Amino acid sequence: SPLEKRTNGNGLVIDSVSLEKILSLNRSPVYVTSLNAVAERVKQYKKSLNYFFRNNEVFYAMKANFSSPILEEIKNSGAGIDIVSIGEWRAAVQAGFAPEKICFAGVGKKEEEWKEAITGGLGYLSVEHLSELSDILYYLGEEKAKLKKHPKISLRLNPSIEVDTHPHLKTGALNSKFGILFEHFEKWLLNKKDTFKNKKDYLSWISPLKGLHVHVGSQLTENSIFPLLVKKLLDCTQFMYTHDIAIHHIDFGGGLGVPVNGVSFDGEDIEKHLHFLLSTFVNSARNYAQLMQLWQEDFSKLFVSVEPGRSIVASSTIFLTKVLFEKKNSEENLFCYVDGAMNDFPRPSLYGAIHHSEIVNFKNKSSIEKQLSHGLLKWKIVGPVCESGDFLSKESLLPQIQKGDVIAFFEAGAYCRSMASQYNLRPLPSEIFVKNGNIIKVI
Ligand code: LLP
């Protein structure tokens with residue numbers, strides 16, 4: 001992997017760039033990203049998709065990390081991009097993504113948001129509410145002649161499936177605000193269909209609807225839900241088919257997890273899990289004769305996409321923060337104060353997330369032996385923000401810590417820098433990007 005982890009003060013190497021070189025830039029707290037690692041993940045996704053489907057796309061979910069060198073790397077790797085707001089639309093266009101490679105998903109879009117994207121040539125639009133679908137179909141019908149290009153519309157299905165992840169990251173269950181329940185769509189379609197005088201008008205009205213989309217949650221590390229998910233998707237596609245809606249696009253969303261607290265779920269697992277999902281789909285689809293006719297035996301008439309965020313960028317990045325001081329309130333309350341805080345690295349305080357941490361640079365090289373000789377202690381790693389919710393770790397097993405030591409937090413590329421805030425009017429953390437053995441950008 002481009003991110004080599006070597007600890008106990010023996011140095012950490014990021015894409016052949018030594019930590020020493022990075023620390024000499026004096027940027028703490030700072031995110032350090034290997035762009036080669038990002039490109040590698042996109043390739044893995046592409047490889048798995050290509051194995052099953054000729055027509056496919058990886059739409060990188062830019063909410064995970066929208067730093068410009070990352071967007072540039074993703075664009076150059078040939079992937080498309082998944083956006084959720086007009087801000088992300090503008091950033092994606094500015095980064096040079098072709099509008100037809102942009103997929104706009106998102107719960108609660110404003111009319112002016114989807115209109116701006118549609119008139120800008122948006123490729124794919126996922127709808128999350130039936131009233132949004134009505135409005136968009138009406139708009140496309142009215143504007144038909146004026147619009148240069150039409151986006152392909154897909155319906156985000158709420159499959160009512162429970163997944164095993166943090167409650168804030170579940171998005172496909174009945175108690176979730178996301179997506180449209182199948183029975184709601186069924187009722188809506190039958191009602192609407194009744195209002196058309198002839199079939200031709202009905203077909204023309206519904207024609208932009210070409211896809212189905214699901215995203216059941218994030219940081220998923222088990223795949224036992226895939227068969228049920230696939231069945232719900234295929235049943236819904238079959239129902240649509242019987243009402244003359246030909247689904248030619250299936251989007252499986254994102255969600256694949258990354259290692260948490262030493263539990264491995266890395267690149268190889270991405271291929272394994274994706275392979276299982278896609279093969280489940282391919283095998284189950286063979287039981288739906290009409291759909292197989294629609295898609296052909298080799299699925300060449302089906303476009304399949306995914307929208308991964310975390311699994312593309314998380315492992316490419318570490319967060320480095322410097323020790324300011326330490327304090328012992330009691331045996332159980334050993335505090336390590338660092339210059340990074342909850343607003344720089346928010347996942348521990350927001351979700352109780354555990355990111356593996358290590359001392360990667362000892363300030364005083366002559367005391368390394370002494371620091372290590374204390375054995376491992378349980379540290380609470382806390383920042384300078386004025387509240388007790390400001391912790392980066394509640395329990396890190398590390399040796400004796402000293403002022404000036406540098407601690408690294410791993411798997412820090414997703415939903416960390418992109419969710420940083422300026423709470424307490426602290427400046428946003430720096431970023432260093434490394435590629436092919438060179439530091440190519442410092443922000
Ligand atoms: N597609 C949709 C519709 C989504 O809502 C999301 C993530 C993704 C794709 C990308 O999912 P991923 O592959 O990254 O799991 N801030 C939270 C994560 C929120 C995820 C939101 N939706 C965290 O720090 O864990």
# chains A, B, ... in the order shown; residues from 1 in each chain; ligands from 1
$ closest_atom_pairs --of "chain A" --to "ligand 1" --cutoff "7 Å" --atoms "only C-alpha atoms and all ligand atoms" --output "Markdown table"
| residue | atom | partner | partner_atom_place_in_ligand_line | distance |
| --- | --- | --- | --- | --- |
| A:Ala61 | CA | ligand 1 | 10 (C) | 5.2 |
| A:Ala64 | CA | ligand 1 | 14 (O) | 5.8 |
| A:Ala105 | CA | ligand 1 | 3 (C) | 6.0 |
| A:Gly106 | CA | ligand 1 | 3 (C) | 6.2 |
| A:Leu169 | CA | ligand 1 | 19 (C) | 5.7 |
| A:His215 | CA | ligand 1 | 3 (C) | 5.4 |
| A:Gly217 | CA | ligand 1 | 15 (O) | 6.5 |
| A:Ser218 | CA | ligand 1 | 15 (O) | 3.6 |
| A:Gln219 | CA | ligand 1 | 15 (O) | 5.3 |
| A:Gly253 | CA | ligand 1 | 1 (N) | 4.7 |
| A:Gly254 | CA | ligand 1 | 13 (O) | 3.7 |
| A:Gly255 | CA | ligand 1 | 15 (O) | 3.2 |
| A:Leu256 | CA | ligand 1 | 13 (O) | 5.5 |
| A:Gly257 | CA | ligand 1 | 15 (O) | 6.5 |
| A:Glu307 | CA | ligand 1 | 9 (C) | 4.7 |
| A:Pro308 | CA | ligand 1 | 13 (O) | 3.6 |
| A:Gly309 | CA | ligand 1 | 14 (O) | 3.4 |
| A:Arg310 | CA | ligand 1 | 14 (O) | 3.7 |
| A:Ser311 | CA | ligand 1 | 13 (O) | 5.8 |
| A:Arg347 | CA | ligand 1 | 24 (O) | 5.6 |
| A:Ala414 | CA | ligand 1 | 24 (O) | 6.9 |
| A:Tyr415 | CA | ligand 1 | 24 (O) | 4.5 |
| A:Cys416 | CA | ligand 1 | 24 (O) | 6.8 |
$ write_last_selection --atoms "C-alpha atoms" --output "PDB file, in the first residue's frame"
ATOM      1  CA  ALA A  61     -19.454  10.455  -3.460  1.00  0.00           C
ATOM      2  CA  ALA A  64     -16.591  12.122   1.792  1.00  0.00           C
ATOM      3  CA  ALA A 105     -28.717  12.419  -5.440  1.00  0.00           C
ATOM      4  CA  GLY A 106     -29.845  13.859  -2.150  1.00  0.00           C
ATOM      5  CA  LEU A 169     -25.410   5.966   9.129  1.00  0.00           C
ATOM      6  CA  HIS A 215     -28.180   3.212  -0.621  1.00  0.00           C
ATOM      7  CA  GLY A 217     -26.166   2.809   4.866  1.00  0.00           C
ATOM      8  CA  SER A 218     -22.543   3.696   5.339  1.00  0.00           C
ATOM      9  CA  GLN A 219     -19.591   1.896   6.954  1.00  0.00           C
ATOM     10  CA  GLY A 253     -25.223   3.377  -3.829  1.00  0.00           C
ATOM     11  CA  GLY A 254     -22.114   3.413  -1.665  1.00  0.00           C
ATOM     12  CA  GLY A 255     -21.576   2.227   1.861  1.00  0.00           C
ATOM     13  CA  LEU A 256     -18.723  -0.271   1.922  1.00  0.00           C
ATOM     14  CA  GLY A 257     -16.790   0.142   5.157  1.00  0.00           C
ATOM     15  CA  GLU A 307     -21.453   5.682  -5.424  1.00  0.00           C
ATOM     16  CA  PRO A 308     -18.659   4.905  -2.988  1.00  0.00           C
ATOM     17  CA  GLY A 309     -17.201   7.654  -0.834  1.00  0.00           C
ATOM     18  CA  ARG A 310     -15.529   6.349   2.292  1.00  0.00           C
ATOM     19  CA  SER A 311     -13.965   3.238   0.764  1.00  0.00           C
ATOM     20  CA  ARG A 347     -15.874  11.658  13.806  1.00  0.00           C
ATOM     21  CA  ALA A 414     -13.365  10.255   4.601  1.00  0.00           C
ATOM     22  CA  TYR A 415     -15.816  12.512   6.413  1.00  0.00           C
ATOM     23  CA  CYS A 416     -13.033  14.081   8.475  1.00  0.00           C
TER      24      CYS A 416
END
$ residues_around --residues "stretch 349-354 of chain A" --least-positions-apart "2" --cutoff "12 Å" --atoms "only C-alpha atoms" --output "PyMOL selection string"
chain A and resi 165-169+219+258-263+341-347+356-357+381-383+385+387-396+409-412+415-416+419-420
$ closest_residue --among "A:Cys103, A:Val216, A:Val93, A:Ala289" --to "A:Gly80" --atoms "only C-alpha atoms"
A:Cys103
$ closest_residue --among "A:Ala98, A:Ile270, A:Ile245, A:Ile83" --to "A:Lys63" --atoms "only C-alpha atoms"
A:Ile83
$ residues_around --residues "stretch 312-328 of chain A" --least-positions-apart "3" --cutoff "8 Å" --atoms "only C-alpha atoms" --output "ChimeraX atom specification"
/A:3,28-35,37-38,41-42,60,64-65,258,308-309,331,333-340,345,401-414
$ write_last_selection --atoms "C-alpha atoms" --output "short mmCIF file (atom, residue, chain, number, x, y, z; two decimals), in the first residue's frame"
data_model
loop_
_atom_site.label_atom_id
_atom_site.label_comp_id
_atom_site.auth_asym_id
_atom_site.auth_seq_id
_atom_site.Cartn_x
_atom_site.Cartn_y
_atom_site.Cartn_z
CA LEU A 3 0.76 4.28 3.00
CA SER A 28 0.15 20.49 12.49
CA PRO A 29 -2.74 19.71 12.75
CA VAL A 30 -2.65 18.37 9.20
CA TYR A 31 -4.17 15.77 6.91
CA VAL A 32 -1.67 13.91 4.72
CA THR A 33 -3.07 12.15 1.66
CA SER A 34 -1.55 9.69 -0.77
CA LEU A 35 -3.23 10.41 -4.11
CA ALA A 37 -3.94 5.32 -2.85
CA VAL A 38 -7.09 7.13 -4.01
CA ARG A 41 -9.29 2.26 -4.97
CA VAL A 42 -11.10 3.65 -8.02
CA TYR A 60 -17.37 9.01 -6.33
CA ALA A 64 -16.59 12.12 1.79
CA ASN A 65 -13.78 14.47 0.77
CA VAL A 258 -13.13 0.51 6.05
CA PRO A 308 -18.66 4.90 -2.99
CA GLY A 309 -17.20 7.65 -0.83
CA GLU A 331 -4.88 6.22 37.04
CA ASN A 333 -7.79 9.69 33.70
CA LEU A 334 -4.65 10.19 31.77
CA PHE A 335 -5.02 13.15 29.40
CA CYS A 336 -2.96 13.90 26.32
CA TYR A 337 -3.63 17.41 24.95
CA VAL A 338 -2.97 17.84 21.25
CA ASP A 339 -3.22 20.75 18.81
CA GLY A 340 -6.00 19.03 16.79
CA PHE A 345 -11.28 15.67 13.29
CA ILE A 401 3.70 10.73 25.82
CA GLN A 402 5.81 13.89 25.81
CA LYS A 403 5.34 17.43 24.57
CA GLY A 404 6.22 17.66 20.87
CA ASP A 405 5.49 14.00 20.04
CA VAL A 406 3.34 13.54 16.95
CA ILE A 407 0.29 11.30 16.97
CA ALA A 408 -1.26 9.91 13.79
CA PHE A 409 -4.88 8.88 13.38
CA PHE A 410 -5.50 6.45 10.55
CA GLU A 411 -8.32 5.96 8.01
CA ALA A 412 -8.77 9.73 8.13
CA GLY A 413 -9.57 10.50 4.48
CA ALA A 414 -13.36 10.26 4.60
#
$ atom_distance --atom1 "atom CA of A:Glu113" --atom2 "atom CA of A:Lys170"
25.3 Å
$ closest_residue --among "A:His273, A:Lys21, A:Arg54, A:Arg426" --to "A:Trp295" --atoms "only C-alpha atoms"
A:Arg54
